[in-house]
$ cat work-v7.txt   # compact mmCIF, C-alpha atoms
# COMPACT_ATOMS: atom_id res chain seq x y z
CA MET V 1 98.53 108.40 113.77
CA PRO V 2 101.41 110.86 114.19
CA SER V 3 102.26 112.97 111.14
CA THR V 4 105.70 112.76 109.55
CA ALA V 5 106.96 115.56 111.80
CA ASP V 6 105.81 113.65 114.89
CA LEU V 7 107.20 110.22 114.01
CA ARG V 8 110.42 109.01 115.63
CA GLN V 9 113.00 107.16 113.60
CA SER V 10 114.48 105.68 116.76
CA GLU V 11 111.33 103.78 117.80
CA PRO V 12 112.28 100.09 117.91
CA LEU V 13 110.89 97.31 115.75
CA ALA V 14 108.27 95.38 117.73
CA GLY V 15 107.80 92.31 115.53
CA VAL V 16 106.85 90.98 112.11
CA ALA V 17 103.69 91.57 110.11
CA GLY V 18 103.19 87.91 109.39
CA GLU V 19 100.41 85.54 108.46
CA SER V 20 97.95 87.11 110.91
CA ILE V 21 97.67 90.06 108.48
CA PRO V 22 94.86 89.51 105.94
CA VAL V 23 95.85 89.34 102.28
CA PHE V 24 93.35 90.30 99.58
CA ALA V 25 93.51 88.88 96.06
CA ALA V 26 93.71 91.57 93.38
CA ALA V 27 91.06 89.67 91.41
CA ASP V 28 88.65 90.18 94.31
CA VAL V 29 89.58 93.85 94.64
CA LEU V 30 88.95 94.37 90.92
CA GLY V 31 85.65 92.45 90.97
CA GLU V 32 82.23 93.09 92.44
CA HIS V 33 82.12 93.78 96.17
CA ASP V 34 79.44 92.78 98.64
CA SER V 35 79.06 94.30 102.09
CA ASP V 36 81.09 91.53 103.74
CA PHE V 37 84.12 92.25 101.53
CA VAL V 38 83.87 95.98 102.22
CA ALA V 39 83.68 95.19 105.96
CA ARG V 40 86.91 93.17 105.68
CA ILE V 41 88.64 96.12 104.00
CA ARG V 42 87.35 98.45 106.70
CA ASP V 43 88.57 96.13 109.47
CA ALA V 44 92.06 95.93 107.93
CA CYS V 45 92.26 99.72 107.61
CA LEU V 46 91.23 100.23 111.22
CA SER V 47 93.04 97.33 112.87
CA THR V 48 96.39 97.57 111.08
CA GLY V 49 96.33 100.81 109.09
CA PHE V 50 97.32 99.22 105.78
CA LEU V 51 96.24 96.59 103.24
CA VAL V 52 98.14 93.76 101.54
CA ILE V 53 97.19 92.71 97.99
CA GLU V 54 98.24 89.61 96.07
CA PRO V 55 98.73 90.90 92.51
CA ALA V 56 97.20 89.02 89.59
CA MET V 57 99.43 87.21 87.09
CA GLU V 58 99.32 90.04 84.53
CA MET V 59 100.46 92.58 87.10
CA GLN V 60 103.17 90.26 88.37
CA SER V 61 104.45 90.06 84.80
CA SER V 62 104.53 93.84 84.32
CA ILE V 63 106.26 94.26 87.69
CA ALA V 64 108.89 91.66 86.77
CA SER V 65 109.54 93.37 83.43
CA THR V 66 109.88 96.74 85.14
CA ILE V 67 112.31 95.41 87.74
CA ASP V 68 114.37 93.87 84.92
CA ARG V 69 114.60 97.33 83.28
CA MET V 70 115.33 98.93 86.66
CA GLN V 71 118.24 96.55 87.17
CA ALA V 72 119.63 97.56 83.78
CA PHE V 73 119.34 101.27 84.60
CA PHE V 74 120.52 101.28 88.21
CA SER V 75 123.51 99.05 87.44
CA LEU V 76 124.94 101.81 85.23
CA ASP V 77 127.75 103.93 86.60
CA ASP V 78 126.48 107.31 87.78
CA ASN V 79 128.61 109.01 85.12
CA ASP V 80 127.12 106.93 82.32
CA PRO V 81 125.40 109.24 79.77
CA ARG V 82 122.27 107.08 79.97
CA LYS V 83 121.86 108.28 83.54
CA GLN V 84 123.23 111.77 83.13
CA GLU V 85 120.97 112.57 80.20
CA VAL V 86 117.73 111.78 82.06
CA ARG V 87 116.02 115.11 82.71
CA GLN V 88 115.41 116.32 86.24
CA ASP V 89 113.01 119.18 86.92
CA GLU V 90 111.23 121.08 89.66
CA SER V 91 108.51 118.42 89.84
CA ARG V 92 111.18 116.06 91.21
CA ASN V 93 110.89 113.80 88.16
CA GLY V 94 113.92 112.11 86.65
CA TRP V 95 116.92 110.30 88.08
CA ARG V 96 117.79 110.93 91.72
CA PRO V 97 121.29 109.70 92.74
CA ARG V 98 121.96 108.06 96.06
CA TYR V 99 121.95 110.25 99.18
CA THR V 100 119.94 113.05 97.53
CA GLU V 101 116.54 112.05 98.93
CA PRO V 102 115.06 114.66 101.32
CA ALA V 103 115.46 113.79 105.00
CA TYR V 104 112.00 113.03 106.37
CA GLN V 105 113.49 112.87 109.86
CA PRO V 106 116.22 115.20 111.18
CA GLY V 107 119.67 113.67 111.34
CA THR V 108 118.99 110.93 108.79
CA VAL V 109 120.46 110.25 105.36
CA SER V 110 118.52 108.06 102.93
CA SER V 111 120.64 105.74 100.79
CA LEU V 112 118.12 105.01 98.04
CA GLU V 113 118.54 105.79 94.35
CA ALA V 114 115.40 106.67 92.40
CA PHE V 115 113.86 107.16 89.00
CA ASP V 116 110.74 109.30 89.40
CA LEU V 117 108.05 110.01 86.83
CA GLY V 118 104.52 111.33 86.47
CA VAL V 119 101.66 111.25 84.00
CA ARG V 120 103.32 113.73 81.64
CA ASP V 121 106.36 111.49 81.42
CA ILE V 122 104.17 108.47 80.71
CA ASN V 123 102.48 110.37 77.88
CA SER V 124 105.69 111.65 76.30
CA ASP V 125 108.67 109.86 74.80
CA GLY V 126 110.82 112.95 74.29
CA ASP V 127 112.66 115.69 76.19
CA GLY V 128 115.09 113.30 77.86
CA ARG V 129 112.38 111.76 79.98
CA TRP V 130 113.40 108.14 79.36
CA PRO V 131 116.83 106.46 79.59
CA ASP V 132 118.24 104.88 76.46
CA ILE V 133 117.55 101.31 77.60
CA PRO V 134 115.53 98.89 75.43
CA ASP V 135 111.83 98.73 76.38
CA PHE V 136 112.34 100.82 79.51
CA ARG V 137 109.46 103.13 78.64
CA GLY V 138 107.21 100.27 77.46
CA ALA V 139 107.70 98.15 80.58
CA VAL V 140 107.26 101.05 82.99
CA SER V 141 104.17 102.35 81.15
CA ARG V 142 102.48 98.94 81.31
CA CYS V 143 103.25 98.74 85.02
CA TRP V 144 101.85 102.25 85.55
CA ASP V 145 98.59 101.20 83.88
CA ASP V 146 98.29 98.09 86.05
CA TYR V 147 98.91 100.12 89.20
CA LEU V 148 96.28 102.68 88.21
CA GLN V 149 93.64 100.04 87.57
CA LEU V 150 94.22 98.50 90.99
CA ALA V 151 94.42 101.91 92.68
CA ASP V 152 91.06 103.07 91.35
CA ALA V 153 89.40 99.87 92.60
CA LEU V 154 91.00 100.40 95.99
CA LEU V 155 89.84 104.01 96.17
CA ASP V 156 86.30 102.79 95.54
CA LEU V 157 86.58 100.16 98.27
CA ILE V 158 88.22 102.42 100.83
CA ALA V 159 85.56 105.09 100.26
CA ARG V 160 82.83 102.55 100.92
CA ALA V 161 84.72 101.27 103.98
CA ALA V 162 84.74 104.84 105.30
CA ASP V 163 80.99 105.26 104.70
CA LEU V 164 81.54 107.63 101.79
CA ASP V 165 79.98 107.50 98.35
CA ASN V 166 81.94 104.94 96.39
CA GLU V 167 82.92 107.60 93.81
CA PHE V 168 84.09 110.11 96.41
CA LEU V 169 87.80 109.27 96.26
CA VAL V 170 87.95 108.04 92.66
CA SER V 171 86.36 111.22 91.33
CA ARG V 172 88.84 113.38 93.25
CA CYS V 173 91.95 111.47 92.16
CA GLN V 174 91.31 111.35 88.41
CA SER V 175 93.61 113.89 86.77
CA ARG V 176 96.80 112.00 87.78
CA GLU V 177 98.62 115.34 87.49
CA LEU V 178 100.15 115.11 90.96
CA ASN V 179 100.63 111.35 90.97
CA SER V 180 104.18 110.10 91.30
CA PHE V 181 105.59 106.74 90.21
CA ARG V 182 108.86 105.91 91.95
CA LEU V 183 111.27 103.19 90.88
CA LEU V 184 113.53 102.73 93.90
CA HIS V 185 116.87 100.97 94.28
CA TYR V 186 118.52 100.15 97.59
CA ALA V 187 122.03 98.98 96.71
CA GLY V 188 122.54 96.73 99.73
CA ASP V 189 126.28 97.38 99.90
CA LEU V 190 126.19 98.82 103.40
CA PRO V 191 125.74 96.94 106.67
CA ALA V 192 122.43 97.16 108.51
CA SER V 193 122.35 100.30 110.62
CA SER V 194 120.08 101.71 113.30
CA GLY V 195 121.80 105.11 113.11
CA SER V 196 121.48 108.04 110.75
CA ASP V 197 122.23 106.11 107.53
CA VAL V 198 118.91 104.50 106.63
CA GLY V 199 117.11 103.20 103.55
CA ILE V 200 114.51 105.94 103.97
CA SER V 201 113.48 107.55 107.24
CA ALA V 202 110.10 107.40 108.98
CA HIS V 203 107.26 109.31 107.34
CA THR V 204 103.68 109.18 106.20
CA ASP V 205 102.92 109.72 102.53
CA PHE V 206 101.44 113.03 101.52
CA GLU V 207 98.81 111.92 98.99
CA CYS V 208 95.57 109.87 99.29
CA ILE V 209 96.82 106.26 99.08
CA THR V 210 100.10 104.59 98.13
CA LEU V 211 100.65 101.26 96.36
CA LEU V 212 104.06 99.80 97.17
CA TYR V 213 105.80 96.68 95.87
CA GLN V 214 109.05 95.35 97.34
CA ASP V 215 111.03 92.37 96.06
CA ALA V 216 112.95 91.88 99.33
CA PRO V 217 112.43 92.72 103.01
CA GLY V 218 113.18 96.19 104.30
CA LEU V 219 109.85 98.00 104.64
CA GLU V 220 108.66 98.62 108.20
CA LEU V 221 105.11 99.74 108.98
CA ARG V 222 103.65 101.52 111.98
CA THR V 223 100.32 100.03 113.00
CA THR V 224 97.34 101.97 114.32
CA ASP V 225 98.30 100.94 117.87
CA GLY V 226 101.79 102.43 117.49
CA ARG V 227 103.93 99.32 116.90
CA TRP V 228 106.58 99.16 114.17
CA LEU V 229 106.45 95.85 112.26
CA ASP V 230 108.67 94.33 109.61
CA ALA V 231 106.42 94.11 106.54
CA GLU V 232 107.70 90.65 105.67
CA ILE V 233 104.27 89.62 104.39
CA GLY V 234 104.49 92.40 101.78
CA VAL V 235 107.44 90.91 99.88
CA GLY V 236 106.27 90.12 96.35
CA ARG V 237 102.89 91.74 97.06
CA ILE V 238 101.36 95.21 96.95
CA VAL V 239 101.20 97.00 100.29
CA VAL V 240 98.56 99.73 100.33
CA LEU V 241 99.32 102.64 102.63
CA LEU V 242 96.73 105.17 103.78
CA ASP V 243 98.00 108.71 103.28
CA ASP V 244 97.66 112.20 104.73
CA MET V 245 94.77 113.40 102.56
CA LEU V 246 92.66 110.39 103.53
CA GLU V 247 93.33 111.06 107.19
CA ARG V 248 92.39 114.72 106.75
CA TRP V 249 89.12 113.95 104.97
CA THR V 250 88.08 111.46 107.66
CA ASN V 251 89.34 113.65 110.52
CA GLY V 252 91.51 110.83 111.83
CA PHE V 253 88.99 108.00 111.46
CA LEU V 254 91.38 106.50 108.90
CA THR V 255 94.97 107.26 109.79
CA ALA V 256 97.99 107.73 107.55
CA THR V 257 100.42 104.80 107.69
CA GLY V 258 103.79 105.57 109.19
CA HIS V 259 106.55 103.65 107.42
CA ARG V 260 110.29 103.53 106.90
CA VAL V 261 112.89 101.35 105.14
CA ARG V 262 115.84 100.03 107.08
CA GLN V 263 119.37 99.87 105.76
CA ALA V 264 120.21 96.31 104.69
CA ASP V 265 123.06 94.29 103.24
CA LYS V 266 121.07 92.93 100.27
CA GLN V 267 120.00 94.71 97.11
CA ARG V 268 116.32 95.67 97.03
CA PHE V 269 113.97 97.07 94.37
CA SER V 270 110.66 98.77 95.05
CA ILE V 271 107.95 100.15 92.74
CA VAL V 272 105.69 102.76 94.33
CA MET V 273 102.67 104.71 93.07
CA PHE V 274 101.34 107.70 95.00
CA MET V 275 97.69 108.41 94.20
CA ALA V 276 97.27 112.14 94.65
CA VAL V 277 94.19 114.31 94.96
CA ASP V 278 93.46 116.50 91.93
CA ASP V 279 95.10 119.90 92.00
CA GLY V 280 92.99 122.78 93.29
CA LEU V 281 90.61 120.81 95.50
CA SER V 282 90.41 121.87 99.12
CA ILE V 283 90.85 118.94 101.50
CA ALA V 284 89.33 119.38 104.95
CA PRO V 285 87.53 117.14 107.47
CA LEU V 286 84.15 116.08 106.13
CA GLU V 287 81.10 117.10 108.14
CA GLN V 288 80.15 113.52 108.99
CA TYR V 289 83.48 113.07 110.83
CA VAL V 290 83.27 116.27 112.86
CA SER V 291 81.40 116.56 116.16
CA ASP V 292 81.58 118.33 119.50
CA SER V 293 83.59 115.43 120.89
CA ASN V 294 85.78 115.20 117.77
CA PRO V 295 86.26 118.71 116.36
CA ALA V 296 88.05 119.28 113.08
CA ARG V 297 91.73 118.50 113.54
CA TYR V 298 92.99 119.89 110.23
CA GLN V 299 92.81 123.17 108.36
CA PRO V 300 91.81 123.08 104.67
CA VAL V 301 94.71 122.50 102.29
CA THR V 302 95.25 121.59 98.66
CA GLN V 303 97.27 118.57 97.63
CA ALA V 304 99.92 120.70 95.93
CA ASP V 305 100.35 122.99 98.94
CA HIS V 306 100.65 120.04 101.31
CA LEU V 307 103.23 118.37 99.06
CA ASP V 308 105.25 121.58 98.82
CA ALA V 309 105.19 122.17 102.58
CA GLU V 310 106.28 118.62 103.44
CA ILE V 311 109.07 118.55 100.84
CA ARG V 312 110.36 121.95 102.05
CA ARG V 313 110.43 120.63 105.61
CA ALA V 314 112.28 117.49 104.53
CA ARG V 315 114.83 119.45 102.52
CA LYS V 316 115.44 121.72 105.48
CA ASN V 317 116.13 118.63 107.60
CA ALA V 318 118.89 117.71 105.15
CA GLU V 319 120.65 121.06 105.44
CA PRO V 320 123.86 121.15 107.51
CA SER V 321 123.17 122.23 111.07

$ encode --input "work-v7.txt" --output "structure tokens"
Amino acid sequence: MPSTADLRQSEPLAGVAGESIPVFAAADVLGEHDSDFVARIRDACLSTGFLVIEPAMEMQSSIASTIDRMQAFFSLDDNDPRKQEVRQDESRNGWRPRYTEPAYQPGTVSSLEAFDLGVRDINSDGDGRWPDIPDFRGAVSRCWDDYLQLADALLDLIARAADLDNEFLVSRCQSRELNSFRLLHYAGDLPASSGSDVGISAHTDFECITLLYQDAPGLELRTTDGRWLDAEIGVGRIVVLLDDMLERWTNGFLTATGHRVRQADKQRFSIVMFMAVDDGLSIAPLEQYVSDSNPARYQPVTQADHLDAEIRRARKNAEPS
């Protein structure tokens, strides 16, 4: 799979990811797994490059509560103190106004508005980390917990699908220090565009896996055979993307999922968790994936260094030429 720098925003949409895409029940993901279930996960990873999960009722409830609080926050005027007082810092956490997202592809402008947070925000109720909106912190924290529970089960399954020890990924993504939880708002007040003004431009995610919920169409996914598909089947479900660190560990056996969000004329909310590798670990192709015919494709890197490099590149793309 091409990296973010190699993807092309202009590649056309080839179709719809419809009912031919397998959907896994969250209850099954969270339960015991036999070899047949692991084989199904492996096949989905290799044949499409992503997974689709039907969330359980409890998670659907926490998602609905979070979107309700997101609507309250994002409907505020940008000059409202409840937005302006939300802290922003070098970790990229806090409120991000529209058109301030880094440009993952040159010549693009992303129209999303975001509220970003990490584990330290979840564990603190001070320092301007939370907007003054009733139950905002409570709803988002419950949703964070539900995402984490599902993510850990998925890391276990994906490790087994890749012929790794089932604890390999879980044990390396435990600190949550570099995780990011993004509450995204696409206002839907602009006409659909195939030009520079996009929802968010084509990229792969920089972490290990990503869990993404969307309440309306807009997400487009690049399959392992290079086709861009409308992720229609992902509306109201959790789409699981494979990320850069997973591709690096498996030396390209599992490939990071290219994706983008098109500009649309309807409002859209998305809740995204990025499961990052613990800080300080060196990520490089594992010996079992390296051979004379498939030499190591990637140099060792830490999660933090990879994040920093990709964000710097994206910010440079946004600079005036």

$ closest_residue --input "work-v7.txt" --among "V:Asp156, V:Asp205, V:Asp189, V:Asp77" --to "V:Glu32" --atoms "only C-alpha atoms"
V:Asp156

$ atom_distance --input "work-v7.txt" --atom1 "atom CA of V:Leu169" --atom2 "atom CA of V:Pro300"
16.7 Å

$ closest_residue --input "work-v7.txt" --among "V:Asp279, V:Asp265, V:Asp152, V:Asp80" --to "V:Glu177" --atoms "only C-alpha atoms"
V:Asp279

$ atom_distance --input "work-v7.txt" --atom1 "atom CA of V:Leu219" --atom2 "atom CA of V:Val170"
26.9 Å

$ residues_near_point --input "work-v7.txt" --point "(101.2, 89.5, 90.9)" --cutoff "10 Å" --atoms "only C-alpha atoms" --output "list in words"
Ala25, Ala26, Ile53, Glu54, Pro55, Ala56, Met57, Glu58, Met59, Gln60, Ser61, Ser62, Ile63, Ala64, Tyr213, Gly236, Arg237 and Ile238 of chain V

$ axis_aligned_box --input "work-v7.txt" --around "stretch 178-182 of chain V" --padding-each-side "8 Å" --output "AutoDock Vina command-line options"
--center_x 104.5 --center_y 110.5 --center_z 91.1 --size_x 24.7 --size_y 25.2 --size_z 17.7

$ residues_around --input "work-v7.txt" --residues "V:Val290" --least-positions-apart "2" --cutoff "12 Å" --atoms "all atoms listed in the file" --output "mmCIF file with C-alpha atoms, keeping the file's coordinate frame"
data_model
loop_
_atom_site.group_PDB
_atom_site.id
_atom_site.type_symbol
_atom_site.label_atom_id
_atom_site.label_comp_id
_atom_site.auth_asym_id
_atom_site.auth_seq_id
_atom_site.Cartn_x
_atom_site.Cartn_y
_atom_site.Cartn_z
ATOM 1 C CA ARG V 248 92.390 114.720 106.750
ATOM 2 C CA TRP V 249 89.120 113.950 104.970
ATOM 3 C CA THR V 250 88.080 111.460 107.660
ATOM 4 C CA ASN V 251 89.340 113.650 110.520
ATOM 5 C CA GLY V 252 91.510 110.830 111.830
ATOM 6 C CA PHE V 253 88.990 108.000 111.460
ATOM 7 C CA ALA V 284 89.330 119.380 104.950
ATOM 8 C CA PRO V 285 87.530 117.140 107.470
ATOM 9 C CA LEU V 286 84.150 116.080 106.130
ATOM 10 C CA GLU V 287 81.100 117.100 108.140
ATOM 11 C CA GLN V 288 80.150 113.520 108.990
ATOM 12 C CA ASP V 292 81.580 118.330 119.500
ATOM 13 C CA SER V 293 83.590 115.430 120.890
ATOM 14 C CA ASN V 294 85.780 115.200 117.770
ATOM 15 C CA PRO V 295 86.260 118.710 116.360
ATOM 16 C CA ALA V 296 88.050 119.280 113.080
ATOM 17 C CA ARG V 297 91.730 118.500 113.540
ATOM 18 C CA TYR V 298 92.990 119.890 110.230
#

$ closest_residue --input "work-v7.txt" --among "V:Arg69, V:Arg87, V:Lys316, V:Arg42" --to "V:Arg129" --atoms "only C-alpha atoms"
V:Arg87

$ residues_around --input "work-v7.txt" --residues "V:Ile21" --least-positions-apart "5" --cutoff "10 Å" --atoms "all atoms listed in the file" --output "PyMOL selection string"
chain V and resi 16+44+47-48+50-52+231+233-234

$ closest_residue --input "work-v7.txt" --among "V:Trp95, V:Phe206, V:Tyr104, V:Tyr289" --to "V:Met275" --atoms "all atoms listed in the file"
V:Phe206

$ closest_residue --input "work-v7.txt" --among "V:Asp43, V:Asp78, V:Asp68, V:Asp116" --to "V:Thr224" --atoms "all atoms listed in the file"
V:Asp43

$ closest_residue --input "work-v7.txt" --among "V:Asp146, V:Ile158, V:Met70, V:Pro97" --to "V:Pro134" --atoms "only C-alpha atoms"
V:Met70

$ atom_distance --input "work-v7.txt" --atom1 "atom CA of V:Leu154" --atom2 "atom CA of V:His259"
19.6 Å

$ residues_around --input "work-v7.txt" --residues "V:Ala14" --least-positions-apart "4" --cutoff "7 Å" --atoms "all atoms listed in the file" --output "MDAnalysis selection string"
chainID V and resid 227:229

$ residues_around --input "work-v7.txt" --residues "V:Phe274" --least-positions-apart "2" --cutoff "8 Å" --atoms "all atoms listed in the file" --output "PDB file with C-alpha atoms, in the frame of the given file"
ATOM      1  CA  ASN V 179     100.630 111.350  90.970  1.00  0.00           C
ATOM      2  CA  SER V 180     104.180 110.100  91.300  1.00  0.00           C
ATOM      3  CA  PHE V 181     105.590 106.740  90.210  1.00  0.00           C
ATOM      4  CA  ASP V 205     102.920 109.720 102.530  1.00  0.00           C
ATOM      5  CA  GLU V 207      98.810 111.920  98.990  1.00  0.00           C
ATOM      6  CA  CYS V 208      95.570 109.870  99.290  1.00  0.00           C
ATOM      7  CA  ILE V 209      96.820 106.260  99.080  1.00  0.00           C
ATOM      8  CA  THR V 210     100.100 104.590  98.130  1.00  0.00           C
ATOM      9  CA  LEU V 211     100.650 101.260  96.360  1.00  0.00           C
ATOM     10  CA  VAL V 272     105.690 102.760  94.330  1.00  0.00           C
ATOM     11  CA  ALA V 276      97.270 112.140  94.650  1.00  0.00           C
TER      12      ALA V 276
END
